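The data block below is upload.csv; it holds CSV, C-alpha atoms.
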chain,number,residue,atom,x,y,z
A,261,MET,CA,-19.3,4.2,-4.9
A,262,LYS,CA,-16.0,2.8,-6.2
A,263,ILE,CA,-13.0,5.2,-6.4
A,264,GLU,CA,-9.7,4.2,-8.0
A,265,LEU,CA,-6.6,5.2,-5.9
A,266,ASN,CA,-2.9,4.8,-6.0
A,267,SER,CA,-0.6,4.6,-3.0
A,268,SER,CA,1.3,7.7,-4.3
A,269,ILE,CA,-1.7,9.8,-3.2
A,270,CYS,CA,-2.9,7.5,-0.4
A,271,PRO,CA,0.2,5.8,1.2
A,272,LEU,CA,-1.6,3.6,3.6
A,273,VAL,CA,1.3,1.2,2.8
A,274,ASP,CA,4.4,2.8,1.4
A,275,PHE,CA,7.6,1.3,0.0
A,276,SER,CA,10.4,1.6,-2.6
A,277,THR,CA,12.5,-1.0,-4.4
A,278,TYR,CA,15.2,1.5,-5.5
A,279,GLU,CA,18.4,1.1,-3.5
A,280,THR,CA,16.4,-0.1,-0.5
A,281,PRO,CA,16.3,-3.5,1.4
A,282,LEU,CA,13.6,-4.5,-1.2
A,283,SER,CA,15.9,-4.3,-4.2
A,284,ALA,CA,17.1,-7.5,-5.8
A,285,SER,CA,20.7,-6.4,-5.5
A,286,PHE,CA,20.3,-5.8,-1.8
A,287,PHE,CA,19.1,-9.4,-1.3
A,288,GLU,CA,21.9,-10.7,-3.4
A,289,ASP,CA,24.5,-8.9,-1.2
A,290,TYR,CA,22.8,-10.2,1.9
A,291,GLY,CA,22.8,-13.8,0.6
A,292,ARG,CA,26.4,-13.6,-0.4
A,293,ASP,CA,27.7,-12.6,3.1
A,294,CYS,CA,28.3,-16.2,4.1
A,295,ILE,CA,28.9,-18.4,1.1
A,296,GLY,CA,31.6,-20.9,0.0
A,297,ASP,CA,33.8,-21.1,-3.0
A,298,PHE,CA,31.8,-21.3,-6.3
A,299,GLU,CA,28.6,-20.3,-4.6
A,300,THR,CA,26.5,-17.2,-5.3
A,301,VAL,CA,23.0,-15.8,-5.0
A,302,SER,CA,20.9,-14.5,-7.8
A,303,VAL,CA,17.6,-12.7,-7.1
A,304,ASN,CA,15.1,-11.6,-9.6
A,305,GLN,CA,13.3,-8.4,-8.9
A,306,ASP,CA,10.0,-9.8,-10.3
A,307,ASP,CA,10.2,-12.5,-7.6
A,308,VAL,CA,10.7,-9.9,-4.9
A,309,ASP,CA,7.7,-7.9,-6.3
A,310,VAL,CA,5.5,-10.9,-5.9
A,311,VAL,CA,6.2,-11.1,-2.2
A,312,ILE,CA,5.8,-7.4,-1.9
A,313,MET,CA,2.3,-7.4,-3.4
A,314,GLU,CA,1.3,-10.4,-1.4
A,315,LYS,CA,2.2,-8.6,1.8
A,316,VAL,CA,0.5,-5.4,0.6
A,317,ALA,CA,-2.7,-7.3,0.0
A,318,ALA,CA,-2.5,-9.0,3.4
A,319,VAL,CA,-1.8,-5.8,5.3
A,320,MET,CA,-4.5,-3.8,3.5
A,321,GLN,CA,-7.1,-6.5,3.9
A,322,ASP,CA,-6.4,-7.8,7.3
A,323,ASP,CA,-5.0,-4.8,9.2
A,324,ILE,CA,-6.1,-1.6,7.5
A,325,ALA,CA,-9.5,-2.2,5.9
A,326,PRO,CA,-11.3,-3.3,9.1
A,327,VAL,CA,-10.2,-0.1,10.9
A,328,LEU,CA,-11.5,2.0,8.0
A,329,VAL,CA,-15.0,0.6,8.0
A,330,GLU,CA,-16.3,3.2,10.5
A,331,TYR,CA,-14.9,5.9,8.2
A,332,GLY,CA,-17.0,5.0,5.2
A,333,VAL,CA,-14.9,2.2,3.6
A,334,LYS,CA,-16.9,-0.9,2.5
A,335,SER,CA,-14.1,-2.8,0.8
A,336,ILE,CA,-10.6,-2.5,-0.7
A,337,ASN,CA,-9.3,-4.3,-3.8
A,338,ILE,CA,-5.5,-4.3,-4.6
A,339,GLY,CA,-4.3,-3.7,-8.1
A,340,GLU,CA,-0.9,-3.8,-9.8
A,341,LEU,CA,2.5,-2.6,-8.7
A,342,CYS,CA,3.5,0.6,-10.5
A,343,ARG,CA,7.2,1.4,-11.1
A,344,PRO,CA,8.2,4.9,-12.3
A,345,LYS,CA,10.5,5.3,-15.3
A,346,GLU,CA,12.8,7.4,-13.1
A,347,TYR,CA,13.1,7.7,-9.4
A,348,ASN,CA,14.0,11.4,-9.3
A,349,PHE,CA,10.6,12.5,-8.1
A,350,ARG,CA,8.6,9.3,-7.4
A,351,HIS,CA,9.1,5.8,-6.1
A,352,ASP,CA,7.2,2.6,-6.4
A,353,SER,CA,3.4,2.5,-5.7
A,354,PHE,CA,0.4,0.3,-6.3
A,355,ASP,CA,-3.1,0.8,-7.6
A,356,PHE,CA,-6.1,-0.1,-5.5
A,357,SER,CA,-9.8,0.6,-5.6
A,358,VAL,CA,-12.0,1.5,-2.6
A,359,GLU,CA,-15.7,0.9,-2.4
A,360,MET,CA,-17.1,3.7,-0.3
A,361,LYS,CA,-20.5,4.3,1.4
A,362,GLU,CA,-22.6,6.9,-0.5
A,363,ASP,CA,-22.3,9.3,2.4
A,364,TRP,CA,-18.5,9.0,2.7
A,365,LYS,CA,-18.0,12.8,2.3
A,366,VAL,CA,-20.2,13.4,5.3
A,367,CYS,CA,-18.0,11.0,7.3
A,368,ALA,CA,-14.9,12.7,6.0
A,369,ILE,CA,-16.1,16.2,6.9
A,370,THR,CA,-17.1,15.1,10.4
A,371,PHE,CA,-13.6,13.5,10.9
A,372,LEU,CA,-11.7,16.5,9.5
A,373,GLU,CA,-13.7,19.1,11.4
A,374,LYS,CA,-13.0,17.2,14.6
A,375,ASN,CA,-9.3,17.2,13.8
A,376,LEU,CA,-8.8,20.7,12.5
A,377,GLN,CA,-6.2,21.4,15.3
A,378,ASN,CA,-4.7,18.0,15.3
A,379,LYS,CA,-0.9,18.7,15.3
A,380,LYS,CA,0.0,15.3,14.0
A,381,LEU,CA,-2.2,15.6,11.0
A,382,CYS,CA,-1.3,19.3,10.4
A,383,ASN,CA,2.4,18.5,10.6
A,384,TYR,CA,2.0,15.6,8.2
A,385,ILE,CA,0.3,17.9,5.6
A,386,GLN,CA,3.0,20.5,6.0
A,387,GLU,CA,5.8,18.0,5.6
A,388,ASN,CA,4.3,16.0,2.7
A,389,TRP,CA,1.7,18.0,0.8
A,390,VAL,CA,3.0,21.6,0.7
A,391,SER,CA,5.0,22.5,-2.4
A,392,ARG,CA,8.5,23.8,-1.9
A,393,SER,CA,11.7,24.2,-3.9
A,394,GLY,CA,12.3,21.0,-5.9
A,395,PHE,CA,8.9,19.5,-4.9
A,396,TRP,CA,5.5,20.3,-6.5
A,397,SER,CA,2.5,18.8,-4.6
A,398,PHE,CA,-0.9,18.2,-6.1
A,399,MET,CA,-2.5,17.4,-2.7
A,400,PRO,CA,-4.6,19.7,-0.6
A,401,LYS,CA,-2.4,22.0,1.5
A,402,SER,CA,-4.5,22.0,4.7
A,403,ILE,CA,-7.4,20.3,6.4
A,404,GLU,CA,-9.5,23.4,5.6
A,405,GLU,CA,-8.9,23.0,1.9
A,406,ILE,CA,-10.0,19.3,2.0
A,407,ILE,CA,-13.2,20.3,3.9
A,408,SER,CA,-14.0,23.1,1.5
A,409,ALA,CA,-13.5,20.8,-1.5
A,410,LEU,CA,-15.7,18.1,0.1
A,411,LYS,CA,-18.5,20.6,0.6
A,412,GLY,CA,-18.2,21.6,-3.1
A,413,ASN,CA,-16.8,25.1,-2.5
A,414,ASP,CA,-13.4,24.2,-4.1
A,415,THR,CA,-13.2,22.4,-7.4
A,416,ARG,CA,-9.4,22.1,-7.6
A,417,TYR,CA,-9.4,18.5,-6.3
A,418,THR,CA,-11.1,15.5,-7.8
A,419,ASP,CA,-12.7,12.8,-5.6
A,420,ASP,CA,-9.7,10.5,-5.8
A,421,TYR,CA,-7.4,13.1,-4.4
A,422,LEU,CA,-9.9,14.0,-1.7
A,423,LEU,CA,-10.5,10.4,-0.7
A,424,GLY,CA,-6.7,9.8,-0.8
A,425,ALA,CA,-6.1,12.7,1.5
A,426,TYR,CA,-8.9,11.7,3.9
A,427,LEU,CA,-7.9,8.1,4.2
A,428,THR,CA,-4.3,9.0,4.6
A,429,LEU,CA,-5.1,11.2,7.6
A,430,VAL,CA,-7.5,8.6,9.0
A,431,GLY,CA,-4.7,6.0,8.7
A,432,LEU,CA,-2.3,8.4,10.4
A,433,GLU,CA,-4.7,9.2,13.3
A,434,THR,CA,-5.6,5.5,13.8
A,435,ASP,CA,-2.0,4.3,13.5
A,436,VAL,CA,-2.7,1.9,10.7
A,437,LEU,CA,-0.8,3.8,8.1
A,438,MET,CA,2.4,1.8,7.5
A,439,PRO,CA,5.5,3.9,6.6
A,440,CYS,CA,8.3,2.8,4.2
A,441,GLN,CA,10.8,1.5,6.8
A,442,VAL,CA,8.2,-0.6,8.7
A,443,PHE,CA,6.8,-2.3,5.6
A,444,GLU,CA,10.2,-2.8,4.0
A,445,ASP,CA,11.6,-4.4,7.2
A,446,MET,CA,8.5,-6.7,7.2
A,447,VAL,CA,8.9,-7.8,3.6
A,448,PHE,CA,12.7,-8.2,4.1
A,449,ASP,CA,12.1,-10.6,7.0
A,450,GLU,CA,9.5,-12.5,5.1
A,451,ILE,CA,11.8,-13.0,2.1
A,452,THR,CA,14.9,-14.0,4.1
A,453,GLU,CA,13.1,-16.2,6.6
A,454,ASN,CA,10.3,-17.8,4.6
A,455,THR,CA,11.4,-18.0,0.9
A,456,TYR,CA,14.2,-19.5,-1.2
A,457,LEU,CA,15.1,-16.2,-2.9
A,458,THR,CA,18.3,-15.7,-1.0
A,459,VAL,CA,19.4,-19.4,-0.9
A,460,PRO,CA,22.9,-19.7,-2.5
A,461,TYR,CA,23.6,-22.1,-5.3
A,462,CYS,CA,26.7,-23.6,-6.9
A,463,TYR,CA,27.6,-22.2,-10.3
A,464,ILE,CA,30.0,-25.0,-11.3
A,465,PRO,CA,28.9,-28.7,-11.9
A,466,GLU,CA,28.5,-30.8,-8.8
A,467,ASP,CA,31.2,-33.2,-9.7
A,468,TRP,CA,33.8,-30.4,-10.1
A,469,MET,CA,32.6,-28.9,-6.8
A,470,GLU,CA,33.1,-32.2,-5.0
A,471,LEU,CA,36.6,-32.6,-6.5
A,472,TYR,CA,37.6,-29.0,-5.6
A,473,ASN,CA,36.7,-29.7,-2.0
A,474,ASP,CA,39.1,-32.7,-1.9
A,475,ASP,CA,42.6,-31.0,-1.8
A,476,ALA,CA,44.5,-34.2,-2.6
A,477,ALA,CA,42.3,-35.3,-5.4
A,478,VAL,CA,42.1,-31.9,-7.1
A,479,ASP,CA,45.9,-31.6,-6.9
A,480,GLU,CA,46.5,-35.0,-8.4
A,481,LEU,CA,44.2,-34.4,-11.3
A,482,TYR,CA,45.6,-30.9,-11.9
A,483,TYR,CA,49.2,-32.1,-12.2
A,484,ASN,CA,48.3,-35.3,-14.2
A,485,LEU,CA,46.4,-33.1,-16.7
A,486,LEU,CA,49.2,-30.6,-16.8
A,487,ASP,CA,51.7,-33.4,-17.7
A,488,LYS,CA,49.4,-34.8,-20.3
A,489,ILE,CA,48.1,-31.8,-22.2
A,490,GLY,CA,50.0,-28.8,-20.8
A,491,HIS,CA,48.8,-25.6,-19.5
A,492,VAL,CA,45.7,-25.4,-21.7
A,493,TRP,CA,43.8,-23.3,-19.1
A,494,ARG,CA,46.3,-20.5,-19.3
A,495,GLY,CA,44.4,-17.2,-19.5
A,496,MET,CA,41.2,-18.8,-18.0
A,497,ASN,CA,40.7,-16.1,-15.4
A,498,ALA,CA,37.0,-16.2,-14.9
A,499,ILE,CA,34.0,-18.6,-14.7
A,500,TYR,CA,30.7,-17.4,-16.2
A,501,ASP,CA,27.5,-18.1,-14.3
A,502,THR,CA,24.6,-18.6,-16.7
A,503,GLN,CA,22.0,-18.0,-14.0
A,504,SER,CA,23.2,-14.7,-12.7
A,505,CYS,CA,24.9,-13.7,-16.0
A,506,GLU,CA,28.0,-12.7,-14.0
A,507,SER,CA,31.6,-13.7,-14.1
A,508,TYR,CA,33.6,-14.8,-11.1
A,509,ASP,CA,37.4,-14.4,-10.9
A,510,CYS,CA,39.5,-17.6,-10.7
A,511,ASN,CA,41.7,-17.3,-7.6
A,512,ASP,CA,43.9,-20.4,-8.0
A,513,ASN,CA,45.2,-22.9,-10.6
A,514,ALA,CA,42.5,-25.5,-9.7
A,515,SER,CA,39.7,-22.9,-10.5
A,516,ARG,CA,41.3,-22.1,-13.8
A,517,MET,CA,41.3,-25.8,-14.7
A,518,ILE,CA,37.6,-25.9,-13.8
A,519,ALA,CA,37.0,-22.8,-16.0
A,520,TRP,CA,38.6,-24.6,-18.9
A,521,ALA,CA,36.6,-27.8,-18.2
A,522,MET,CA,33.3,-25.8,-18.1
A,523,LYS,CA,34.1,-23.9,-21.3
A,524,ASN,CA,34.7,-27.2,-23.1
A,525,ASN,CA,31.9,-29.2,-21.4
A,526,ILE,CA,34.4,-31.6,-19.8
A,527,SER,CA,33.3,-33.5,-16.7
A,528,VAL,CA,35.6,-34.8,-14.0
A,529,GLU,CA,35.3,-38.3,-15.5
A,530,ASP,CA,36.4,-36.9,-18.9
A,531,ALA,CA,39.3,-35.1,-17.3
A,532,GLN,CA,40.4,-38.2,-15.5
A,533,ASP,CA,40.2,-40.2,-18.7
A,534,ILE,CA,42.4,-37.6,-20.4
A,535,ALA,CA,44.9,-37.7,-17.6
A,536,ALA,CA,44.9,-41.6,-17.9
A,537,GLY,CA,45.2,-41.6,-21.6
A,538,ARG,CA,41.8,-43.1,-22.3
A,539,LYS,CA,40.6,-39.9,-24.1
A,540,VAL,CA,42.5,-37.3,-26.1
A,541,TYR,CA,42.0,-33.6,-25.9
A,542,GLU,CA,43.3,-31.8,-29.0
A,543,TYR,CA,42.4,-28.6,-30.8
A,544,GLY,CA,39.6,-28.0,-28.3
A,545,MET,CA,38.0,-31.3,-29.0
A,546,LEU,CA,37.6,-34.4,-26.8
A,547,MET,CA,38.1,-37.8,-28.5
A,548,TYR,CA,38.5,-41.4,-27.4
A,549,ALA,CA,42.2,-42.5,-27.6
Once more with this new file: its structure as structure tokens, please.
Amino acid sequence: MKIELNSSICPLVDFSTYETPLSASFFEDYGRDCIGDFETVSVNQDDVDVVIMEKVAAVMQDDIAPVLVEYGVKSINIGELCRPKEYNFRHDSFDFSVEMKEDWKVCAITFLEKNLQNKKLCNYIQENWVSRSGFWSFMPKSIEEIISALKGNDTRYTDDYLLGAYLTLVGLETDVLMPCQVFEDMVFDEITENTYLTVPYCYIPEDWMELYNDDAAVDELYYNLLDKIGHVWRGMNAIYDTQSCESYDCNDNASRMIAWAMKNNISVEDAQDIAAGRKVYEYGMLMYA
């Protein structure tokens, strides 16, 4: 028997990408902590999501599914990541399907009746499944409710909610249920240590970066250009990075010169030719002298 579930009703693995360590902006901030001039980090949330779902699949298949076998689970297949339109009442989740043994409800009733007085499970239900002001729960409100529904005495809950509740409590009791913070820390470490998502890159051309790091050379070119064509970079106060679609403030005259060069597609060699009189820059155009 295959039953479709979602981690919002069966959070064997739980996480959120909204203002958490799994948001692209968080990884960008982390990667920008120790970068040089004209370097930045741009992280795409889709790339983060790929790593998240790879880790979800690994944890569910390798760590959780084997433990659940004795509770009626035959196999688990991971589906797609689901992101809510708004994060007011829900956070990220993922779909998954569970192949259960035909007598899974008997297994569930046996487990639940054995744990009727289990404080850890009862407290979890009270804290997470009982409606209160600002929170409306659709989950069973007690172990007794789950048992009654599994026996067919209560028709308020469909099989997906009953299985979700049962497996959540099993995961909690067997310590394989993975809370948000634990999983988020795991994925964060995976991304920062084993991927290139947070590696900084240079958002100006390599030749200009090399020149900028040579104080004597950049000063010489700057003043030679200034003498030749004047202060044409006046008002150039930012450099636009096409990869991150962000602008970065120019903090000195050399960076303003580079901003002008990038806007006009002028290489260091072109600028040197202009300074030496081999090329002419007029009316925003570059021509041979």
Of A:Glu506, A:Glu480, A:Glu264, A:Asp533, the one nearest to Glu359 (chain A) when counting all atoms listed in the file is A:Glu264
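Using all atoms listed in the file, the residues found no farther than 9 Å from region 279-296 of chain A, other than those of its own chain fewer than 4 positions away, are Phe275, Thr300, Val301, Ser302, Val303, Asn304, Gln305, Asp306, Asp307, Val308, Asp309, Ile312, Glu444, Asp445, Val447, Phe448, Ile451, Thr452, Leu457, Thr458, Val459, Pro460 and Cys462 of chain A.
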Restricting it to C-alpha atoms, dump the selection as a PDB file, in the frame of the given file.
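Okay, this is what ended up in out.pdb:
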ATOM      1  CA  PHE A 275       7.600   1.300   0.000  1.00  0.00           C
ATOM      2  CA  THR A 300      26.500 -17.200  -5.300  1.00  0.00           C
ATOM      3  CA  VAL A 301      23.000 -15.800  -5.000  1.00  0.00           C
ATOM      4  CA  SER A 302      20.900 -14.500  -7.800  1.00  0.00           C
ATOM      5  CA  VAL A 303      17.600 -12.700  -7.100  1.00  0.00           C
ATOM      6  CA  ASN A 304      15.100 -11.600  -9.600  1.00  0.00           C
ATOM      7  CA  GLN A 305      13.300  -8.400  -8.900  1.00  0.00           C
ATOM      8  CA  ASP A 306      10.000  -9.800 -10.300  1.00  0.00           C
ATOM      9  CA  ASP A 307      10.200 -12.500  -7.600  1.00  0.00           C
ATOM     10  CA  VAL A 308      10.700  -9.900  -4.900  1.00  0.00           C
ATOM     11  CA  ASP A 309       7.700  -7.900  -6.300  1.00  0.00           C
ATOM     12  CA  ILE A 312       5.800  -7.400  -1.900  1.00  0.00           C
ATOM     13  CA  GLU A 444      10.200  -2.800   4.000  1.00  0.00           C
ATOM     14  CA  ASP A 445      11.600  -4.400   7.200  1.00  0.00           C
ATOM     15  CA  VAL A 447       8.900  -7.800   3.600  1.00  0.00           C
ATOM     16  CA  PHE A 448      12.700  -8.200   4.100  1.00  0.00           C
ATOM     17  CA  ILE A 451      11.800 -13.000   2.100  1.00  0.00           C
ATOM     18  CA  THR A 452      14.900 -14.000   4.100  1.00  0.00           C
ATOM     19  CA  LEU A 457      15.100 -16.200  -2.900  1.00  0.00           C
ATOM     20  CA  THR A 458      18.300 -15.700  -1.000  1.00  0.00           C
ATOM     21  CA  VAL A 459      19.400 -19.400  -0.900  1.00  0.00           C
ATOM     22  CA  PRO A 460      22.900 -19.700  -2.500  1.00  0.00           C
ATOM     23  CA  CYS A 462      26.700 -23.600  -6.900  1.00  0.00           C
TER      24      CYS A 462
END
Separating CA of Asn337 (chain A) from CA of Leu422 (chain A), to the nearest tenth of an Å, is a gap of 18.4 Å
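As for CA of Ser408 (chain A) and CA of Leu437 (chain A), they are spaced 24.3 Å apart.
The spacing separating CA of Lys365 (chain A) from CA of Leu410 (chain A) amounts to 6.2 Å.
Shell of region 519-522 of chain A at 7 Å, with only C-alpha atoms counted and residues fewer than 4 places along the chain excluded, is Trp493, Met496, Ala498, Ile499, Ser515, Ile526 and Ser527 of chain A.
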Leaving out Trp468 (chain A) and any residue of its chain fewer than 5 positions from it, which residues lie within 12 Å of it when counting all atoms listed in the file, given as a PyMOL selection string?
chain A and resi 297-298+462-463+473-474+477-478+481-482+514-522+525-532
